[in-house]
file entry31.pdb (PDB, C-alpha atoms)
MODEL        1
ATOM      1  CA  ALA A  24     112.777  95.034  93.871
ATOM      2  CA  GLN A  25     114.827  97.883  92.510
ATOM      3  CA  SER A  26     117.622  99.282  94.654
ATOM      4  CA  VAL A  27     120.475 101.757  94.490
ATOM      5  CA  ALA A  28     123.676 101.719  96.501
ATOM      6  CA  GLN A  29     125.943 104.667  97.081
ATOM      7  CA  PRO A  30     128.764 103.074  99.061
ATOM      8  CA  GLU A  31     130.458 106.289 100.176
ATOM      9  CA  ASP A  32     128.829 108.626 102.668
ATOM     10  CA  GLN A  33     131.375 111.303 101.815
ATOM     11  CA  VAL A  34     133.944 111.927  99.116
ATOM     12  CA  ASN A  35     136.742 114.408  99.649
ATOM     13  CA  VAL A  36     138.685 115.856  96.744
ATOM     14  CA  ALA A  37     140.950 118.823  96.187
ATOM     15  CA  GLU A  38     139.891 121.546  93.787
ATOM     16  CA  GLY A  39     141.164 120.873  90.291
ATOM     17  CA  ASN A  40     141.374 117.117  90.794
ATOM     18  CA  PRO A  41     139.044 114.657  89.103
ATOM     19  CA  LEU A  42     136.136 113.363  91.144
ATOM     20  CA  THR A  43     134.075 110.190  91.109
ATOM     21  CA  VAL A  44     130.907 109.508  93.076
ATOM     22  CA  LYS A  45     129.960 105.857  92.941
ATOM     23  CA  CYS A  46     126.573 104.314  92.309
ATOM     24  CA  THR A  47     125.499 100.741  91.694
ATOM     25  CA  TYR A  48     121.990  99.591  91.005
ATOM     26  CA  SER A  49     119.799  96.530  90.898
ATOM     27  CA  VAL A  50     116.836  96.454  88.564
ATOM     28  CA  SER A  51     115.006  93.985  86.389
ATOM     29  CA  GLY A  52     114.934  95.027  82.784
ATOM     30  CA  ASN A  53     116.590  98.050  81.249
ATOM     31  CA  PRO A  54     117.412 100.745  83.784
ATOM     32  CA  TYR A  55     116.527 104.412  83.654
ATOM     33  CA  LEU A  56     119.228 106.042  85.782
ATOM     34  CA  PHE A  57     119.458 109.549  87.187
ATOM     35  CA  TRP A  58     121.782 111.782  89.169
ATOM     36  CA  TYR A  59     120.500 114.670  91.246
ATOM     37  CA  VAL A  60     122.362 117.215  93.350
ATOM     38  CA  GLN A  61     121.189 119.073  96.424
ATOM     39  CA  TYR A  62     123.012 122.241  97.386
ATOM     40  CA  PRO A  63     122.588 123.553 100.950
ATOM     41  CA  ASN A  64     119.071 124.835 101.581
ATOM     42  CA  ARG A  65     118.057 124.063  98.015
ATOM     43  CA  GLY A  66     115.930 121.424  96.327
ATOM     44  CA  LEU A  67     117.003 118.518  94.176
ATOM     45  CA  GLN A  68     118.488 119.616  90.886
ATOM     46  CA  PHE A  69     118.697 117.325  87.894
ATOM     47  CA  LEU A  70     122.221 116.606  86.642
ATOM     48  CA  LEU A  71     121.866 113.908  84.022
ATOM     49  CA  LYS A  72     120.075 110.733  83.051
ATOM     50  CA  TYR A  73     120.661 107.535  81.128
ATOM     51  CA  ILE A  74     117.740 106.050  79.243
ATOM     52  CA  THR A  75     119.361 104.425  76.248
ATOM     53  CA  GLY A  76     122.158 105.082  73.780
ATOM     54  CA  ASP A  77     125.750 106.029  74.533
ATOM     55  CA  ASN A  78     127.091 104.688  77.789
ATOM     56  CA  LEU A  79     128.783 108.009  78.559
ATOM     57  CA  VAL A  80     126.208 110.626  79.435
ATOM     58  CA  LYS A  81     127.057 114.299  79.726
ATOM     59  CA  GLY A  82     125.085 116.542  82.018
ATOM     60  CA  SER A  83     124.950 119.894  83.726
ATOM     61  CA  TYR A  84     127.862 121.775  85.286
ATOM     62  CA  GLY A  85     130.471 119.644  83.503
ATOM     63  CA  PHE A  86     129.408 116.374  85.090
ATOM     64  CA  GLU A  87     129.219 113.096  83.243
ATOM     65  CA  ALA A  88     128.342 109.535  84.139
ATOM     66  CA  GLU A  89     129.235 106.200  82.653
ATOM     67  CA  PHE A  90     126.664 103.451  82.408
ATOM     68  CA  ASN A  91     128.247 100.022  82.834
ATOM     69  CA  LYS A  92     125.740  97.241  82.369
ATOM     70  CA  SER A  93     128.070  94.376  83.303
ATOM     71  CA  GLN A  94     129.032  96.032  86.583
ATOM     72  CA  THR A  95     125.550  97.523  87.107
ATOM     73  CA  SER A  96     127.175 100.842  87.861
ATOM     74  CA  PHE A  97     126.475 104.452  86.983
ATOM     75  CA  HIS A  98     129.323 106.447  88.513
ATOM     76  CA  LEU A  99     129.273 110.230  88.389
ATOM     77  CA  LYS A 100     132.459 111.934  87.266
ATOM     78  CA  LYS A 101     133.964 115.326  86.645
ATOM     79  CA  PRO A 102     137.452 115.941  85.249
ATOM     80  CA  SER A 103     138.237 118.951  87.440
ATOM     81  CA  ALA A 104     136.375 119.614  90.700
ATOM     82  CA  LEU A 105     135.319 123.059  91.864
ATOM     83  CA  VAL A 106     134.743 124.172  95.446
ATOM     84  CA  SER A 107     131.221 125.082  94.354
ATOM     85  CA  ASP A 108     130.573 121.412  93.502
ATOM     86  CA  SER A 109     130.417 120.670  97.228
ATOM     87  CA  ALA A 110     126.925 119.312  97.783
ATOM     88  CA  LEU A 111     124.885 116.171  98.376
ATOM     89  CA  TYR A 112     124.577 113.865  95.369
ATOM     90  CA  PHE A 113     121.835 111.304  94.867
ATOM     91  CA  CYS A 114     121.728 108.459  92.385
ATOM     92  CA  ALA A 115     118.311 107.072  91.438
ATOM     93  CA  VAL A 116     116.761 104.387  89.258
ATOM     94  CA  ARG A 117     113.245 104.338  87.901
ATOM     95  CA  ASP A 118     111.106 101.493  89.121
ATOM     96  CA  THR A 119     110.391  99.183  86.192
ATOM     97  CA  GLY A 120     106.846  98.490  87.283
ATOM     98  CA  PHE A 121     105.870 102.052  88.058
ATOM     99  CA  GLN A 122     107.198 105.515  87.384
ATOM    100  CA  LYS A 123     108.590 106.257  90.811
ATOM    101  CA  LEU A 124     112.274 106.764  91.491
ATOM    102  CA  VAL A 125     114.255 104.650  93.927
ATOM    103  CA  PHE A 126     117.084 106.657  95.472
ATOM    104  CA  GLY A 127     120.379 105.867  97.089
ATOM    105  CA  THR A 128     121.270 107.271 100.489
ATOM    106  CA  GLY A 129     123.276 110.121  98.991
ATOM    107  CA  THR A 130     126.968 110.990  98.954
ATOM    108  CA  ARG A 131     128.297 114.225 100.328
ATOM    109  CA  LEU A 132     131.005 115.693  98.132
ATOM    110  CA  LEU A 133     133.459 118.045  99.779
ATOM    111  CA  VAL A 134     135.848 119.900  97.499
ATOM    112  CA  SER A 135     138.641 121.672  99.343
ATOM    113  CA  PRO A 136     140.425 124.748  97.980
TER     114      PRO A 136
ATOM    115  CA  GLU B  16     108.928 128.032  82.571
ATOM    116  CA  ALA B  17     108.113 128.075  86.277
ATOM    117  CA  GLY B  18     109.472 125.115  88.203
ATOM    118  CA  VAL B  19     107.848 122.950  90.820
ATOM    119  CA  THR B  20     106.804 125.118  93.750
ATOM    120  CA  GLN B  21     106.400 123.893  97.287
ATOM    121  CA  PHE B  22     105.263 125.700 100.397
ATOM    122  CA  PRO B  23     105.833 126.275 103.108
ATOM    123  CA  SER B  24     109.591 125.884 102.881
ATOM    124  CA  HIS B  25     109.767 125.183 106.597
ATOM    125  CA  SER B  26     107.215 124.140 109.182
ATOM    126  CA  VAL B  27     107.645 123.485 112.871
ATOM    127  CA  ILE B  28     104.656 121.968 114.629
ATOM    128  CA  GLU B  29     103.957 120.189 117.860
ATOM    129  CA  LYS B  30     103.216 116.501 118.061
ATOM    130  CA  GLY B  31      99.528 115.915 117.551
ATOM    131  CA  GLN B  32      98.968 118.968 115.378
ATOM    132  CA  THR B  33      98.007 118.979 111.719
ATOM    133  CA  VAL B  34     100.130 120.245 108.872
ATOM    134  CA  THR B  35      99.313 120.626 105.195
ATOM    135  CA  LEU B  36     102.007 120.818 102.556
ATOM    136  CA  ARG B  37     101.323 122.112  99.092
ATOM    137  CA  CYS B  38     102.928 121.417  95.737
ATOM    138  CA  ASP B  39     102.338 123.204  92.455
ATOM    139  CA  PRO B  40     103.745 121.161  89.571
ATOM    140  CA  ILE B  41     104.978 122.473  86.261
ATOM    141  CA  SER B  42     102.026 123.422  84.106
ATOM    142  CA  GLY B  43     101.116 120.579  81.759
ATOM    143  CA  HIS B  44     102.762 117.870  83.848
ATOM    144  CA  ASP B  45     100.125 115.245  84.512
ATOM    145  CA  ASN B  46     102.397 113.228  86.793
ATOM    146  CA  LEU B  47     103.008 114.434  90.332
ATOM    147  CA  TYR B  48     105.018 112.618  92.992
ATOM    148  CA  TRP B  49     105.645 113.034  96.689
ATOM    149  CA  TYR B  50     108.861 111.861  98.349
ATOM    150  CA  ARG B  51     110.306 112.181 101.819
ATOM    151  CA  ARG B  52     113.815 112.200 103.216
ATOM    152  CA  VAL B  53     114.233 111.465 106.877
ATOM    153  CA  MET B  54     117.494 112.803 108.290
ATOM    154  CA  GLY B  55     120.505 111.008 106.868
ATOM    155  CA  LYS B  56     118.543 108.390 105.010
ATOM    156  CA  GLU B  57     117.517 107.829 101.443
ATOM    157  CA  ILE B  58     114.774 109.739  99.710
ATOM    158  CA  LYS B  59     111.695 107.538  99.793
ATOM    159  CA  PHE B  60     108.713 107.529  97.504
ATOM    160  CA  LEU B  61     105.321 108.291  99.033
ATOM    161  CA  LEU B  62     102.837 108.415  96.167
ATOM    162  CA  HIS B  63     102.196 109.239  92.532
ATOM    163  CA  PHE B  64      99.284 111.060  90.933
ATOM    164  CA  VAL B  65      98.324 110.967  87.290
ATOM    165  CA  LYS B  66      96.138 114.012  86.930
ATOM    166  CA  GLU B  67      93.757 113.725  89.888
ATOM    167  CA  SER B  68      94.011 109.941  90.274
ATOM    168  CA  LYS B  69      96.325 108.115  92.655
ATOM    169  CA  GLN B  70      98.397 105.820  90.469
ATOM    170  CA  ASP B  71     100.592 104.419  93.213
ATOM    171  CA  GLU B  72     100.334 105.111  96.924
ATOM    172  CA  SER B  73     102.437 102.195  98.070
ATOM    173  CA  GLY B  74     104.871 104.443  99.927
ATOM    174  CA  MET B  75     102.392 106.197 102.192
ATOM    175  CA  PRO B  76     103.498 105.270 105.707
ATOM    176  CA  ASN B  77     100.081 105.122 107.393
ATOM    177  CA  ASN B  78      96.608 106.593 107.420
ATOM    178  CA  ARG B  79      97.772 109.773 109.135
ATOM    179  CA  PHE B  80      98.936 110.901 105.708
ATOM    180  CA  LEU B  81      96.371 112.110 103.180
ATOM    181  CA  ALA B  82      97.257 113.349  99.715
ATOM    182  CA  GLU B  83      94.899 115.036  97.306
ATOM    183  CA  ARG B  84      95.119 116.542  93.862
ATOM    184  CA  THR B  85      91.760 118.035  93.131
ATOM    185  CA  GLY B  86      91.293 119.001  89.504
ATOM    186  CA  GLY B  87      94.637 117.553  88.571
ATOM    187  CA  THR B  88      96.555 120.748  89.301
ATOM    188  CA  TYR B  89      98.224 121.379  92.637
ATOM    189  CA  SER B  90      98.485 118.741  95.330
ATOM    190  CA  THR B  91      98.323 118.812  99.096
ATOM    191  CA  LEU B  92      99.776 116.393 101.606
ATOM    192  CA  LYS B  93      98.190 116.511 105.030
ATOM    193  CA  VAL B  94      99.654 114.895 108.111
ATOM    194  CA  GLN B  95      97.132 114.489 110.916
ATOM    195  CA  PRO B  96      98.033 114.040 113.702
ATOM    196  CA  ALA B  97     101.750 114.590 113.286
ATOM    197  CA  GLU B  98     104.217 112.374 115.122
ATOM    198  CA  LEU B  99     107.901 112.957 115.870
ATOM    199  CA  GLU B 100     108.980 110.419 113.233
ATOM    200  CA  ASP B 101     107.247 112.441 110.528
ATOM    201  CA  SER B 102     110.042 115.008 110.668
ATOM    202  CA  GLY B 103     112.021 115.264 107.466
ATOM    203  CA  VAL B 104     112.129 116.978 104.118
ATOM    204  CA  TYR B 105     109.167 116.414 101.846
ATOM    205  CA  PHE B 106     109.870 116.751  98.149
ATOM    206  CA  CYS B 107     107.408 117.057  95.332
ATOM    207  CA  ALA B 108     108.259 116.271  91.724
ATOM    208  CA  SER B 109     106.430 116.388  88.440
ATOM    209  CA  SER B 110     107.020 114.844  85.048
ATOM    210  CA  TYR B 111     105.674 115.013  81.547
ATOM    211  CA  GLY B 112     104.612 111.850  79.781
ATOM    212  CA  GLN B 113     105.010 108.248  80.720
ATOM    213  CA  GLY B 114     107.915 106.584  82.374
ATOM    214  CA  GLY B 115     110.057 109.536  83.223
ATOM    215  CA  SER B 116     111.723 109.599  79.820
ATOM    216  CA  TYR B 117     111.603 113.357  79.950
ATOM    217  CA  GLY B 118     112.948 113.372  83.467
ATOM    218  CA  TYR B 119     111.526 114.462  86.775
ATOM    219  CA  THR B 120     111.636 118.028  88.105
ATOM    220  CA  PHE B 121     111.782 118.441  91.845
ATOM    221  CA  GLY B 122     110.738 121.294  94.047
ATOM    222  CA  SER B 123     112.843 122.815  96.809
ATOM    223  CA  GLY B 124     111.150 120.731  99.460
ATOM    224  CA  THR B 125     109.363 121.430 102.718
ATOM    225  CA  ARG B 126     111.358 120.841 105.871
ATOM    226  CA  LEU B 127     108.941 119.568 108.514
ATOM    227  CA  THR B 128     109.992 119.465 112.134
ATOM    228  CA  VAL B 129     107.662 117.876 114.669
ATOM    229  CA  VAL B 130     108.540 118.709 118.273
TER     230      VAL B 130
ENDMDL
END
call {"tool": "encode", "arguments": {"input": "entry31.pdb", "output": "structure tokens"}}
result
Amino acid sequence: AQSVAQPEDQVNVAEGNPLTVKCTYSVSGNPYLFWYVQYPNRGLQFLLKYITGDNLVKGSYGFEAEFNKSQTSFHLKKPSALVSDSALYFCAVRDTGFQKLVFGTGTRLLVSP
Amino acid sequence: EAGVTQFPSHSVIEKGQTVTLRCDPISGHDNLYWYRRVMGKEIKFLLHFVKESKQDESGMPNNRFLAERTGGTYSTLKVQPAELEDSGVYFCASSYGQGGSYGYTFGSGTRLTVV
């Protein structure tokens, strides 16, 4: 069965510093991987996805993620964090048998001024 | 393009009552999904419609939950009777085409509190 692990409940980073939110996955076959963000009192917003092609995927708001097949990872990164990036981040993989998404437990990102 | 719309945004009901959540997908999206996040846990899949047909309902927790998508447009998710453990945020998503290659668009969610 497909699964996603987000090992950190919370990541703290100072504004202007680079940030990384970790995600590892387990899936049979080629993975479709996604990152979503949830700001307070808002819905899930799409950040980026990896389907095929370049391992480095660029997304919204300056975020990017690197697909690493050998390490089965899809870490989310940003070169310079903003206070406004503080939110809850979810990594997800598409189920290979069906179209549903399997989510991780989420990582809260806190960017301090 | 209008996004995925869900209402109500919040609902507080007593145990044993009935609640109906509604989701309006993006026009032209045949695929509609329901998910739920219980406090502090992962977002879990409930079911998937293709047009008006249930493609996958493997995530529905029990028969107190009933989802419909009459005419292949909007969908409703009814919980009857509600229990305390049903509290959480219910998300709806829609997608165009097969396999999510075009991505999935989520609504803002309905926060359900059962007291």
call {"tool": "atom_distance", "arguments": {"input": "entry31.pdb", "atom1": "CA of Gly82 (chain A)", "atom2": "CA of Gln25 (chain A)"}}
result
23.7 Å
call {"tool": "closest_residue", "arguments": {"input": "entry31.pdb", "among": "B:Glu57, B:Lys30, B:His44, B:Ser68", "to": "chain A", "atoms": "all atoms listed in the file"}}
result
B:Glu57
call {"tool": "closest_residue", "arguments": {"input": "entry31.pdb", "among": "A:Tyr112, A:Tyr59, A:Phe126, A:Phe90", "to": "chain B", "atoms": "all atoms listed in the file"}}
result
A:Phe126
call {"tool": "resolve_selection", "arguments": {"input": "entry31.pdb", "expression": "the PyMOL selection byres ((chain B and resi 78) around 12)", "output": "ChimeraX atom specification"}}
result
/B:72-77,79-82,92-97
call {"tool": "interface_residues", "arguments": {"input": "entry31.pdb", "of": "chain A", "to": "chain B", "cutoff": "8 Å", "atoms": "only C-alpha atoms", "output": "list in words"}}
result
Arg65, Gly66, Leu67, Gln68, Phe69, Lys72, Ile74, Arg117, Phe121, Gln122, Lys123, Leu124, Val125, Phe126, Gly127, Thr128 and Gly129 of chain A
call {"tool": "residues_around", "arguments": {"input": "entry31.pdb", "residues": "Phe57 (chain A)", "least_positions_apart": "4", "cutoff": "7 Å", "atoms": "all atoms listed in the file", "output": "PDB file with C-alpha atoms, in the frame of the given file"}}
result
ATOM      1  CA  LEU A  71     121.866 113.908  84.022  1.00  0.00           C
ATOM      2  CA  LYS A  72     120.075 110.733  83.051  1.00  0.00           C
ATOM      3  CA  TYR A  73     120.661 107.535  81.128  1.00  0.00           C
ATOM      4  CA  CYS A 114     121.728 108.459  92.385  1.00  0.00           C
ATOM      5  CA  ALA A 115     118.311 107.072  91.438  1.00  0.00           C
ATOM      6  CA  VAL A 116     116.761 104.387  89.258  1.00  0.00           C
TER       7      VAL A 116
END
call {"tool": "residues_around", "arguments": {"input": "entry31.pdb", "residues": "Gly103 (chain B)", "least_positions_apart": "3", "cutoff": "7 Å", "atoms": "all atoms listed in the file", "output": "PDB file with C-alpha atoms, in the coordinates of the input"}}
result
ATOM      1  CA  ARG B  51     110.306 112.181 101.819  1.00  0.00           C
ATOM      2  CA  ARG B  52     113.815 112.200 103.216  1.00  0.00           C
ATOM      3  CA  VAL B  53     114.233 111.465 106.877  1.00  0.00           C
ATOM      4  CA  MET B  54     117.494 112.803 108.290  1.00  0.00           C
ATOM      5  CA  ARG B 126     111.358 120.841 105.871  1.00  0.00           C
ATOM      6  CA  LEU B 127     108.941 119.568 108.514  1.00  0.00           C
ATOM      7  CA  THR B 128     109.992 119.465 112.134  1.00  0.00           C
TER       8      THR B 128
END
call {"tool": "closest_residue", "arguments": {"input": "entry31.pdb", "among": "A:Ala24, A:Leu105, A:Thr130, A:Phe113", "to": "Ala37 (chain A)", "atoms": "only C-alpha atoms"}}
result
A:Leu105
call {"tool": "resolve_selection", "arguments": {"input": "entry31.pdb", "expression": "the PyMOL selection byres ((chain A and resi 38) around 10)", "output": "list of chain:residue names"}}
result
A:Asn35, A:Val36, A:Ala37, A:Gly39, A:Asn40, A:Pro41, A:Leu42, A:Ser103, A:Ala104, A:Leu105, A:Val106, A:Ser107, A:Asp108, A:Leu133, A:Val134, A:Ser135, A:Pro136
call {"tool": "residues_around", "arguments": {"input": "entry31.pdb", "residues": "Glu83 (chain B)", "least_positions_apart": "5", "cutoff": "10 Å", "atoms": "only C-alpha atoms", "output": "PDB file with C-alpha atoms, in the frame of the given file"}}
result
ATOM      1  CA  ARG B  37     101.323 122.112  99.092  1.00  0.00           C
ATOM      2  CA  PHE B  64      99.284 111.060  90.933  1.00  0.00           C
ATOM      3  CA  GLU B  67      93.757 113.725  89.888  1.00  0.00           C
ATOM      4  CA  SER B  68      94.011 109.941  90.274  1.00  0.00           C
ATOM      5  CA  LYS B  69      96.325 108.115  92.655  1.00  0.00           C
ATOM      6  CA  THR B  88      96.555 120.748  89.301  1.00  0.00           C
ATOM      7  CA  TYR B  89      98.224 121.379  92.637  1.00  0.00           C
ATOM      8  CA  SER B  90      98.485 118.741  95.330  1.00  0.00           C
ATOM      9  CA  THR B  91      98.323 118.812  99.096  1.00  0.00           C
ATOM     10  CA  LEU B  92      99.776 116.393 101.606  1.00  0.00           C
ATOM     11  CA  LYS B  93      98.190 116.511 105.030  1.00  0.00           C
TER      12      LYS B  93
END
call {"tool": "resolve_selection", "arguments": {"input": "entry31.pdb", "expression": "the PyMOL selection byres ((chain B and resi 129) around 9)", "output": "list in words"}}
result
Ser26, Val27, Ile28, Glu29, Lys30, Gly31, Gln32, Ala97, Glu98, Leu99, Glu100, Asp101, Ser102, Gly103, Leu127, Thr128 and Val130 of chain B
call {"tool": "closest_residue", "arguments": {"input": "entry31.pdb", "among": "A:Thr47, A:Ser96, A:Asn64, A:Ser109", "to": "Asn78 (chain A)", "atoms": "all atoms listed in the file"}}
result
A:Ser96
call {"tool": "atom_distance", "arguments": {"input": "entry31.pdb", "atom1": "CA of Val27 (chain A)", "atom2": "CA of Val65 (chain B)"}}
result
25.0 Å
call {"tool": "atom_distance", "arguments": {"input": "entry31.pdb", "atom1": "CA of Phe97 (chain A)", "atom2": "CA of Arg131 (chain A)"}}
result
16.6 Å
call {"tool": "residues_near_point", "arguments": {"input": "entry31.pdb", "point": "(128.8, 106.9, 97.8)", "cutoff": "6 Å", "atoms": "all atoms listed in the file", "output": "number ranges by chain"}}
result
A: 29-32, 44-45, 130
call {"tool": "closest_residue", "arguments": {"input": "entry31.pdb", "among": "A:Gln94, A:Thr119, A:Ser26, A:Ser83", "to": "Pro54 (chain A)", "atoms": "only C-alpha atoms"}}
result
A:Thr119
call {"tool": "axis_aligned_box", "arguments": {"input": "entry31.pdb", "around": "region 100-112 of chain A", "padding_each_side": "6 Å", "output": "lines of an AutoDock Vina configuration file"}}
result
center_x = 131.4
center_y = 118.5
center_z = 91.8
size_x = 25.7
size_y = 25.1
size_z = 25.1
call {"tool": "residues_around", "arguments": {"input": "entry31.pdb", "residues": "Phe86 (chain A)", "least_positions_apart": "3", "cutoff": "9 Å", "atoms": "only C-alpha atoms", "output": "ChimeraX atom specification"}}
result
/A:70-71,80-83,99-102
call {"tool": "write_last_selection", "arguments": {"input": "entry31.pdb", "atoms": "C-alpha atoms", "output": "tab-separated table (two decimals), in the frame of the given file"}}
result
chain	number	residue	atom	x	y	z
A	70	LEU	CA	122.22	116.61	86.64
A	71	LEU	CA	121.87	113.91	84.02
A	80	VAL	CA	126.21	110.63	79.44
A	81	LYS	CA	127.06	114.30	79.73
A	82	GLY	CA	125.08	116.54	82.02
A	83	SER	CA	124.95	119.89	83.73
A	99	LEU	CA	129.27	110.23	88.39
A	100	LYS	CA	132.46	111.93	87.27
A	101	LYS	CA	133.96	115.33	86.64
A	102	PRO	CA	137.45	115.94	85.25
call {"tool": "decode", "arguments": {"input": "entry31.pdb", "residues": "region 27-110 of chain A", "atoms": "C-alpha atoms", "output": "tab-separated table (two decimals), in the first residue's frame"}}
result
chain	number	residue	atom	x	y	z
A	27	VAL	CA	3.84	9.04	2.89
A	28	ALA	CA	5.97	10.02	5.86
A	29	GLN	CA	6.60	13.54	7.05
A	30	PRO	CA	9.01	12.95	9.92
A	31	GLU	CA	8.87	16.44	11.41
A	32	ASP	CA	5.75	17.74	13.12
A	33	GLN	CA	7.19	21.25	13.06
A	34	VAL	CA	10.03	23.05	11.35
A	35	ASN	CA	11.32	26.34	12.69
A	36	VAL	CA	13.37	28.69	10.55
A	37	ALA	CA	14.35	32.33	10.67
A	38	GLU	CA	13.16	34.67	7.95
A	39	GLY	CA	15.64	34.86	5.10
A	40	ASN	CA	17.12	31.44	5.80
A	41	PRO	CA	16.61	28.45	3.52
A	42	LEU	CA	13.94	25.97	4.52
A	43	THR	CA	13.40	22.27	3.92
A	44	VAL	CA	10.30	20.26	4.74
A	45	LYS	CA	10.94	16.55	4.44
A	46	CYS	CA	8.82	13.91	2.78
A	47	THR	CA	9.47	10.27	1.98
A	48	TYR	CA	7.11	7.95	0.20
A	49	SER	CA	6.44	4.32	-0.51
A	50	VAL	CA	4.67	3.35	-3.70
A	51	SER	CA	4.74	0.59	-6.26
A	52	GLY	CA	5.44	1.87	-9.72
A	53	ASN	CA	6.19	5.43	-10.73
A	54	PRO	CA	5.04	7.98	-8.17
A	55	TYR	CA	2.89	11.03	-8.73
A	56	LEU	CA	3.91	13.35	-5.89
A	57	PHE	CA	2.29	16.53	-4.63
A	58	TRP	CA	2.80	19.28	-2.07
A	59	TYR	CA	-0.10	21.25	-0.66
A	60	VAL	CA	-0.16	24.10	1.85
A	61	GLN	CA	-2.88	25.07	4.28
A	62	TYR	CA	-2.85	28.58	5.67
A	63	PRO	CA	-4.87	29.29	8.83
A	64	ASN	CA	-8.61	29.08	8.20
A	65	ARG	CA	-8.04	28.33	4.53
A	66	GLY	CA	-8.30	25.26	2.34
A	67	LEU	CA	-5.56	23.19	0.78
A	68	GLN	CA	-3.64	25.08	-1.86
A	69	PHE	CA	-1.61	23.34	-4.52
A	70	LEU	CA	2.12	24.13	-4.49
A	71	LEU	CA	3.70	21.76	-6.97
A	72	LYS	CA	3.70	18.25	-8.36
A	73	TYR	CA	6.07	15.71	-9.85
A	74	ILE	CA	4.73	13.42	-12.55
A	75	THR	CA	7.72	12.83	-14.76
A	76	GLY	CA	10.68	14.72	-16.18
A	77	ASP	CA	13.17	16.88	-14.31
A	78	ASN	CA	13.80	15.84	-10.74
A	79	LEU	CA	13.73	19.46	-9.58
A	80	VAL	CA	10.20	20.82	-9.72
A	81	LYS	CA	9.42	24.49	-9.30
A	82	GLY	CA	6.11	25.59	-7.89
A	83	SER	CA	4.14	28.47	-6.46
A	84	TYR	CA	5.42	31.15	-4.09
A	85	GLY	CA	9.08	30.34	-4.81
A	86	PHE	CA	8.92	26.78	-3.55
A	87	GLU	CA	10.62	23.87	-5.22
A	88	ALA	CA	10.95	20.17	-4.53
A	89	GLU	CA	13.50	17.58	-5.50
A	90	PHE	CA	12.42	14.10	-6.48
A	91	ASN	CA	14.98	11.50	-5.42
A	92	LYS	CA	14.05	8.03	-6.59
A	93	SER	CA	16.87	6.19	-4.82
A	94	GLN	CA	16.00	7.76	-1.47
A	95	THR	CA	12.25	7.77	-2.20
A	96	SER	CA	12.12	11.37	-1.08
A	97	PHE	CA	10.40	14.51	-2.28
A	98	HIS	CA	11.59	17.28	0.04
A	99	LEU	CA	10.12	20.75	-0.24
A	100	LYS	CA	12.57	23.63	-0.30
A	101	LYS	CA	12.75	27.39	-0.52
A	102	PRO	CA	15.98	29.40	-0.69
A	103	SER	CA	14.78	32.26	1.52
A	104	ALA	CA	11.87	31.86	3.94
A	105	LEU	CA	9.24	34.52	4.55
A	106	VAL	CA	7.16	34.98	7.69
A	107	SER	CA	4.12	34.59	5.44
A	108	ASP	CA	5.25	31.05	4.57
A	109	SER	CA	4.21	29.95	8.06
A	110	ALA	CA	1.54	27.33	7.46
